[in-house]
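J.: My structure is stored as protein-v8.cif, with mmCIF, C-alpha atoms.
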data_start
#
loop_
_atom_site.label_atom_id
_atom_site.label_comp_id
_atom_site.auth_asym_id
_atom_site.auth_seq_id
_atom_site.Cartn_x
_atom_site.Cartn_y
_atom_site.Cartn_z
CA MET A 25 60.12 178.42 45.64
CA LEU A 26 63.68 178.37 47.03
CA VAL A 27 66.33 177.06 44.65
CA LEU A 28 69.83 176.47 45.91
CA LEU A 29 72.62 176.88 43.42
CA THR A 30 75.68 174.96 44.42
CA SER A 31 77.90 175.88 41.49
CA GLY A 32 77.42 179.66 41.41
CA LEU A 33 75.74 179.43 37.98
CA SER A 34 72.36 180.94 37.14
CA GLN A 35 69.33 178.63 36.99
CA ALA A 36 69.46 178.57 33.18
CA GLU A 37 73.19 177.82 33.16
CA GLU A 38 72.71 175.16 35.86
CA ALA A 39 70.02 173.42 33.79
CA LYS A 40 72.30 173.30 30.71
CA ARG A 41 75.31 172.05 32.61
CA VAL A 42 76.49 168.60 31.59
CA PRO A 43 76.95 166.38 34.61
CA THR A 44 80.50 165.20 35.19
CA LYS A 45 81.12 161.54 34.60
CA ARG A 46 82.05 159.31 37.47
CA PRO A 47 85.11 157.18 36.89
CA PRO A 48 84.22 153.71 35.68
CA SER A 49 83.84 151.12 38.41
CA ARG A 50 84.80 148.24 36.13
CA THR A 51 88.01 147.85 34.15
CA HIS A 52 86.36 146.01 31.21
CA ASP A 53 89.60 144.09 30.78
CA PRO A 54 88.74 140.91 28.81
CA ALA A 55 91.67 139.12 30.46
CA CYS A 56 89.82 139.29 33.81
CA ARG A 57 87.34 136.67 32.56
CA LEU A 58 90.21 134.20 32.17
CA ILE A 59 91.15 134.35 35.86
CA SER A 60 89.70 131.29 37.57
CA ASP A 61 89.66 132.27 41.25
CA ALA A 62 86.94 134.69 42.39
CA VAL A 63 89.18 136.95 44.50
CA ASN A 64 91.75 137.76 41.80
CA ARG A 65 89.03 138.05 39.15
CA THR A 66 87.12 140.54 41.33
CA VAL A 67 90.30 142.59 41.91
CA CYS A 68 91.01 142.58 38.16
CA GLU A 69 87.47 143.68 37.26
CA ARG A 70 87.20 146.67 39.65
CA THR A 71 89.21 149.84 39.03
CA ALA A 72 89.18 150.80 42.73
CA LEU A 73 90.56 147.40 43.72
CA VAL A 74 93.21 147.50 40.99
CA ALA A 75 94.31 150.90 42.31
CA MET A 76 94.39 149.62 45.91
CA ASP A 77 96.34 146.54 44.85
CA GLN A 78 98.92 148.69 43.05
CA GLN A 79 99.13 151.04 46.04
CA LEU A 80 99.70 148.08 48.36
CA LYS A 81 102.41 146.61 46.12
CA ALA A 82 104.21 149.98 46.03
CA LYS A 83 103.96 150.32 49.82
CA MET A 84 105.31 146.80 50.34
CA GLN A 85 108.29 147.55 48.07
CA GLU A 86 108.91 150.80 49.97
CA LEU A 87 108.87 148.98 53.32
CA ALA A 88 110.81 145.86 52.28
CA ALA A 89 114.11 147.20 53.60
CA VAL A 90 112.78 148.26 57.01
CA GLY A 91 110.08 145.63 57.59
CA GLY A 92 112.17 142.50 57.22
CA GLU A 93 110.82 139.06 58.04
CA ALA A 94 108.14 140.41 60.41
CA LEU A 95 106.60 142.38 57.53
CA GLU A 96 106.57 139.28 55.31
CA GLN A 97 104.92 137.12 57.99
CA ASN A 98 102.37 139.81 58.73
CA HIS A 99 101.63 140.19 55.02
CA GLU A 100 101.14 136.44 54.63
CA ARG A 101 98.46 136.54 57.37
CA TRP A 102 96.84 139.48 55.59
CA TYR A 103 96.94 137.57 52.29
CA GLN A 104 95.01 134.71 53.93
CA ARG A 105 92.36 137.22 55.10
CA ARG A 106 92.20 138.60 51.57
CA ASN A 107 91.66 135.16 50.06
CA ALA A 108 88.99 134.35 52.66
CA CYS A 109 86.84 137.00 50.94
CA ALA A 110 86.01 134.27 48.39
CA LEU A 111 83.71 132.77 51.03
CA ARG A 112 81.80 136.03 51.54
CA GLN A 113 78.58 136.87 49.74
CA ASP A 114 79.84 140.32 48.70
CA ILE A 115 83.42 139.64 47.63
CA ARG A 116 83.95 143.18 46.33
CA ARG A 117 82.99 144.88 49.60
CA CYS A 118 85.08 142.41 51.60
CA LEU A 119 88.12 143.07 49.40
CA GLU A 120 87.70 146.85 49.61
CA GLN A 121 87.60 146.57 53.39
CA VAL A 122 90.57 144.20 53.66
CA TYR A 123 92.74 146.28 51.30
CA GLY A 124 91.78 149.56 53.00
CA GLU A 125 92.59 148.14 56.42
CA ARG A 126 95.95 146.79 55.26
CA LEU A 127 97.03 150.12 53.78
CA ILE A 128 96.17 151.90 57.05
CA GLU A 129 97.86 149.20 59.11
CA LEU A 130 101.13 149.59 57.19
CA ASP A 131 101.10 153.36 57.66
CA TRP A 132 100.30 152.91 61.35
CA ARG A 133 103.15 150.42 61.86
CA TYR A 134 105.81 152.12 59.74
CA HIS A 135 104.76 155.74 59.02
CA ARG A 136 102.64 157.02 61.92
CA GLU A 137 103.44 160.58 60.91
CA ARG A 138 101.15 160.07 57.89
CA ILE A 139 98.09 159.44 60.06
CA VAL A 140 95.99 162.17 61.66
CA TYR A 141 94.32 161.17 64.92
CA GLN A 142 92.29 162.49 67.85
CA GLY A 143 93.03 161.62 71.41
CA PRO A 144 94.01 159.79 73.36
CA ILE A 145 90.87 159.33 75.40
CA THR A 146 91.50 157.52 78.66
CA TYR A 147 89.25 154.66 79.75
CA ARG A 148 89.47 153.48 83.35
CA CYS A 149 89.10 149.70 83.58
CA PRO A 150 89.37 147.36 86.60
CA GLN A 151 92.64 145.99 85.18
CA GLY A 152 94.16 149.45 84.56
CA GLU A 153 93.77 152.38 82.20
CA LEU A 154 93.61 152.09 78.43
CA ALA A 155 94.24 154.99 76.05
CA VAL A 156 92.17 155.12 72.85
CA SER A 157 93.06 157.33 69.87
CA PHE A 158 90.71 157.66 66.89
CA LEU A 159 92.40 157.73 63.48
CA ALA A 160 91.12 159.98 60.68
CA THR A 161 91.27 157.21 58.08
CA GLU A 162 88.95 155.48 55.66
CA PRO A 163 87.82 153.04 56.91
CA PRO A 164 87.71 154.63 60.39
CA ALA A 165 90.10 153.06 62.89
CA LEU A 166 91.34 153.42 66.42
CA VAL A 167 94.38 152.44 68.43
CA VAL A 168 94.07 151.01 71.94
CA GLN A 169 97.23 151.43 74.00
CA GLN A 170 98.45 150.42 77.44
CA GLY A 171 102.04 151.32 78.20
CA GLU A 172 104.20 150.34 75.23
CA LEU A 173 101.63 147.89 73.81
CA SER A 174 99.19 149.10 71.19
CA GLU A 175 96.69 147.44 68.86
CA LEU A 176 94.73 148.66 65.84
CA ALA A 177 91.00 148.07 65.30
CA PHE A 178 88.64 149.11 62.48
CA LEU A 179 85.05 150.32 62.52
CA HIS A 180 82.48 147.62 61.78
CA PRO A 181 79.06 149.23 62.21
CA ASP A 182 76.18 146.96 63.02
CA GLY A 183 72.62 147.33 64.25
CA MET A 184 73.72 147.25 67.88
CA GLY A 185 76.01 150.30 67.88
CA VAL A 186 79.58 151.25 67.12
CA ASN A 187 82.05 148.39 67.16
CA TYR A 188 85.73 148.40 66.30
CA ARG A 189 87.36 145.06 65.58
CA GLY A 190 90.98 144.14 65.18
CA VAL A 191 93.10 141.03 65.24
CA ALA A 192 93.70 141.18 69.01
CA THR A 193 91.50 144.10 70.15
CA ASN A 194 87.81 144.91 70.01
CA LEU A 195 85.94 147.93 71.33
CA GLU A 196 82.18 148.34 71.72
CA GLU A 197 81.13 151.88 72.63
CA GLN A 198 78.22 152.36 75.02
CA LYS A 199 77.51 156.07 75.83
CA GLY A 200 80.64 157.13 77.69
CA ALA A 201 81.52 153.57 78.58
CA ALA A 202 83.13 150.86 76.51
CA ARG A 203 83.54 147.15 76.52
CA ILE A 204 87.12 146.58 75.39
CA GLN A 205 88.82 143.30 74.57
CA TRP A 206 92.50 143.72 75.41
CA GLN A 207 95.14 141.02 75.76
CA GLY A 208 92.50 138.29 75.43
CA GLN A 209 90.17 139.61 78.15
CA TRP A 210 87.00 141.65 77.93
CA ARG A 211 86.95 144.67 80.25
CA GLN A 212 84.13 147.00 81.19
CA CYS A 213 85.62 150.51 81.12
CA GLN A 214 84.46 154.07 81.86
CA GLN A 215 85.61 157.07 79.87
CA GLN A 216 87.50 159.62 82.02
#
Write the structure described by the file as structure tokens, please.
T.:
Amino acid sequence: MLVLLTSGLSQAEEAKRVPTKRPPSRTHDPACRLISDAVNRTVCERTALVAMDQQLKAKMQELAAVGGEALEQNHERWYQRRNACALRQDIRRCLEQVYGERLIELDWRYHRERIVYQGPITYRCPQGELAVSFLATEPPALVVQQGELSELAFLHPDGMGVNYRGVATNLEEQKGAARIQWQGQWRQCQQQ
């Protein structure tokens, strides 16, 4: 019998080892039960969401001086997306996704040096070339660019393949080809 030891301990030591505890997923804050709306209650109850909310607040304070009115308007649209999670069956997963995407979006808009990416990969489309760079983020994201214009989209896996969706851009990969929505039009593109 082959036994793999991942910790470098002997089999006897491995068997005695106490497993490490995972951080709690719930805050157990009794005040959370007093919150009437489902979105804020869910954020309050989940430690990961509380941490993301605090991280987002700190990032917004950091960017307040440079972002100006455009940042505020953009954040208001994000806040509407966040609150729309109340209509979803899995509010927690929706909120984790929306918060994660917002944190990446702010870094992409204001601190691109913080983001590691691969590419760009060039796609030849009938309406011109598009450059696609894949971001090493969680959730996974990409940037579609043509000239000075660029848009961010996030991975949304489904049963049909790999799809990235953004506010103004979508990309559906198809084995070296891609169907890309750019500037309101769908384009059938080939990877160069």
J.: Excluding Tyr188 (chain A) and residues on its chain fewer than 3 positions from it, collect all residues at most 8 Å away from it, counting only C-alpha atoms, and give them as a list in words.
T.: Ala165, Leu166, Ala177, Phe178, Leu179, His180, Pro181, Asn194, Leu195 and Glu196 of chain A
J.: Next, write the just-selected residues to a file, as a short mmCIF file (atom, residue, chain, number, x, y, z; two decimals), in the frame of the given file, keeping C-alpha atoms as the atom set.
T.:
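Final output, saved to selection08.cif:
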data_model
loop_
_atom_site.label_atom_id
_atom_site.label_comp_id
_atom_site.auth_asym_id
_atom_site.auth_seq_id
_atom_site.Cartn_x
_atom_site.Cartn_y
_atom_site.Cartn_z
CA ALA A 165 90.10 153.06 62.89
CA LEU A 166 91.34 153.42 66.42
CA ALA A 177 91.00 148.07 65.30
CA PHE A 178 88.64 149.11 62.48
CA LEU A 179 85.05 150.32 62.52
CA HIS A 180 82.48 147.62 61.78
CA PRO A 181 79.06 149.23 62.21
CA ASN A 194 87.81 144.91 70.01
CA LEU A 195 85.94 147.93 71.33
CA GLU A 196 82.18 148.34 71.72
#
J.: Which residues, written as a ChimeraX atom specification, have at least one atom at most 12 Å from Thr193 (chain A), with all atoms listed in the file counted and residues fewer than 5 positions away on the same chain left out?
T.: /A:154,156,165-170,173-179,187-188,203-211
J.: Just so the selection is clear, what residues does the PyMOL selection byres ((chain A and resi 76) around 10) cover here, as JSON, numbers by chain?
T.: {"A": [67, 70, 71, 72, 73, 74, 75, 77, 78, 79, 80, 81, 82, 119, 120, 123, 124, 126, 127]}
J.: Report as a PyMOL selection string the residues that result from applying the PyMOL selection byres ((chain A and resi 201) around 6) to the structure here.
T.: chain A and resi 198-200+202+213-215
J.: Using all atoms listed in the file for the distances, tell me which of A:His52, A:His99, A:Phe158, A:Gln216 is nearest to Thr66 (chain A).
T.: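 Smallest separation from Thr66 (chain A) among the options: A:His52.
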J.: Just add N, CA, C and O atoms to region 94-113 of chain A and send it as a PDB file, in the frame of the given file.
T.:
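New file result27.pdb:
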ATOM      1  N   ALA A  94     109.411 140.148  59.705  1.00  0.00           N
ATOM      2  CA  ALA A  94     108.140 140.410  60.410  1.00  0.00           C
ATOM      3  C   ALA A  94     107.094 140.951  59.438  1.00  0.00           C
ATOM      4  O   ALA A  94     105.928 140.572  59.493  1.00  0.00           O
ATOM      5  N   LEU A  95     107.516 141.838  58.528  1.00  0.00           N
ATOM      6  CA  LEU A  95     106.600 142.380  57.530  1.00  0.00           C
ATOM      7  C   LEU A  95     106.089 141.275  56.619  1.00  0.00           C
ATOM      8  O   LEU A  95     104.894 141.208  56.325  1.00  0.00           O
ATOM      9  N   GLU A  96     106.965 140.383  56.191  1.00  0.00           N
ATOM     10  CA  GLU A  96     106.570 139.280  55.310  1.00  0.00           C
ATOM     11  C   GLU A  96     105.578 138.344  56.005  1.00  0.00           C
ATOM     12  O   GLU A  96     104.579 137.939  55.407  1.00  0.00           O
ATOM     13  N   GLN A  97     105.837 138.008  57.251  1.00  0.00           N
ATOM     14  CA  GLN A  97     104.920 137.120  57.990  1.00  0.00           C
ATOM     15  C   GLN A  97     103.572 137.784  58.191  1.00  0.00           C
ATOM     16  O   GLN A  97     102.526 137.156  58.013  1.00  0.00           O
ATOM     17  N   ASN A  98     103.597 139.056  58.540  1.00  0.00           N
ATOM     18  CA  ASN A  98     102.370 139.810  58.730  1.00  0.00           C
ATOM     19  C   ASN A  98     101.585 139.901  57.428  1.00  0.00           C
ATOM     20  O   ASN A  98     100.367 139.784  57.405  1.00  0.00           O
ATOM     21  N   HIS A  99     102.297 140.091  56.323  1.00  0.00           N
ATOM     22  CA  HIS A  99     101.630 140.190  55.020  1.00  0.00           C
ATOM     23  C   HIS A  99     101.024 138.853  54.600  1.00  0.00           C
ATOM     24  O   HIS A  99      99.970 138.814  53.983  1.00  0.00           O
ATOM     25  N   GLU A 100     101.687 137.768  54.943  1.00  0.00           N
ATOM     26  CA  GLU A 100     101.140 136.440  54.630  1.00  0.00           C
ATOM     27  C   GLU A 100      99.820 136.214  55.366  1.00  0.00           C
ATOM     28  O   GLU A 100      98.872 135.680  54.797  1.00  0.00           O
ATOM     29  N   ARG A 101      99.724 136.646  56.626  1.00  0.00           N
ATOM     30  CA  ARG A 101      98.460 136.540  57.370  1.00  0.00           C
ATOM     31  C   ARG A 101      97.384 137.409  56.726  1.00  0.00           C
ATOM     32  O   ARG A 101      96.234 137.016  56.616  1.00  0.00           O
ATOM     33  N   TRP A 102      97.792 138.614  56.270  1.00  0.00           N
ATOM     34  CA  TRP A 102      96.840 139.480  55.590  1.00  0.00           C
ATOM     35  C   TRP A 102      96.360 138.826  54.287  1.00  0.00           C
ATOM     36  O   TRP A 102      95.175 138.862  53.964  1.00  0.00           O
ATOM     37  N   TYR A 103      97.274 138.211  53.564  1.00  0.00           N
ATOM     38  CA  TYR A 103      96.940 137.570  52.290  1.00  0.00           C
ATOM     39  C   TYR A 103      95.909 136.454  52.504  1.00  0.00           C
ATOM     40  O   TYR A 103      95.001 136.271  51.690  1.00  0.00           O
ATOM     41  N   GLN A 104      96.001 135.743  53.607  1.00  0.00           N
ATOM     42  CA  GLN A 104      95.010 134.710  53.930  1.00  0.00           C
ATOM     43  C   GLN A 104      93.641 135.345  54.189  1.00  0.00           C
ATOM     44  O   GLN A 104      92.619 134.808  53.765  1.00  0.00           O
ATOM     45  N   ARG A 105      93.624 136.495  54.892  1.00  0.00           N
ATOM     46  CA  ARG A 105      92.360 137.220  55.100  1.00  0.00           C
ATOM     47  C   ARG A 105      91.774 137.672  53.778  1.00  0.00           C
ATOM     48  O   ARG A 105      90.568 137.599  53.563  1.00  0.00           O
ATOM     49  N   ARG A 106      92.637 138.152  52.891  1.00  0.00           N
ATOM     50  CA  ARG A 106      92.200 138.600  51.570  1.00  0.00           C
ATOM     51  C   ARG A 106      91.539 137.447  50.813  1.00  0.00           C
ATOM     52  O   ARG A 106      90.452 137.583  50.273  1.00  0.00           O
ATOM     53  N   ASN A 107      92.188 136.302  50.792  1.00  0.00           N
ATOM     54  CA  ASN A 107      91.660 135.160  50.060  1.00  0.00           C
ATOM     55  C   ASN A 107      90.388 134.592  50.693  1.00  0.00           C
ATOM     56  O   ASN A 107      89.575 133.988  50.007  1.00  0.00           O
ATOM     57  N   ALA A 108      90.205 134.806  51.986  1.00  0.00           N
ATOM     58  CA  ALA A 108      88.990 134.350  52.660  1.00  0.00           C
ATOM     59  C   ALA A 108      87.756 135.122  52.173  1.00  0.00           C
ATOM     60  O   ALA A 108      86.628 134.686  52.389  1.00  0.00           O
ATOM     61  N   CYS A 109      87.964 136.246  51.504  1.00  0.00           N
ATOM     62  CA  CYS A 109      86.840 137.000  50.940  1.00  0.00           C
ATOM     63  C   CYS A 109      86.066 136.166  49.921  1.00  0.00           C
ATOM     64  O   CYS A 109      84.897 136.452  49.642  1.00  0.00           O
ATOM     65  N   ALA A 110      86.694 135.140  49.358  1.00  0.00           N
ATOM     66  CA  ALA A 110      86.010 134.270  48.390  1.00  0.00           C
ATOM     67  C   ALA A 110      84.801 133.590  49.022  1.00  0.00           C
ATOM     68  O   ALA A 110      83.856 133.224  48.319  1.00  0.00           O
ATOM     69  N   LEU A 111      84.819 133.435  50.330  1.00  0.00           N
ATOM     70  CA  LEU A 111      83.710 132.770  51.030  1.00  0.00           C
ATOM     71  C   LEU A 111      82.580 133.738  51.386  1.00  0.00           C
ATOM     72  O   LEU A 111      81.535 133.306  51.856  1.00  0.00           O
ATOM     73  N   ARG A 112      82.790 135.023  51.177  1.00  0.00           N
ATOM     74  CA  ARG A 112      81.800 136.030  51.540  1.00  0.00           C
ATOM     75  C   ARG A 112      80.813 136.241  50.399  1.00  0.00           C
ATOM     76  O   ARG A 112      81.157 136.088  49.225  1.00  0.00           O
ATOM     77  N   GLN A 113      79.611 136.633  50.749  1.00  0.00           N
ATOM     78  CA  GLN A 113      78.580 136.870  49.740  1.00  0.00           C
ATOM     79  C   GLN A 113      78.937 138.064  48.852  1.00  0.00           C
ATOM     80  O   GLN A 113      78.765 138.029  47.647  1.00  0.00           O
TER      81      GLN A 113
END
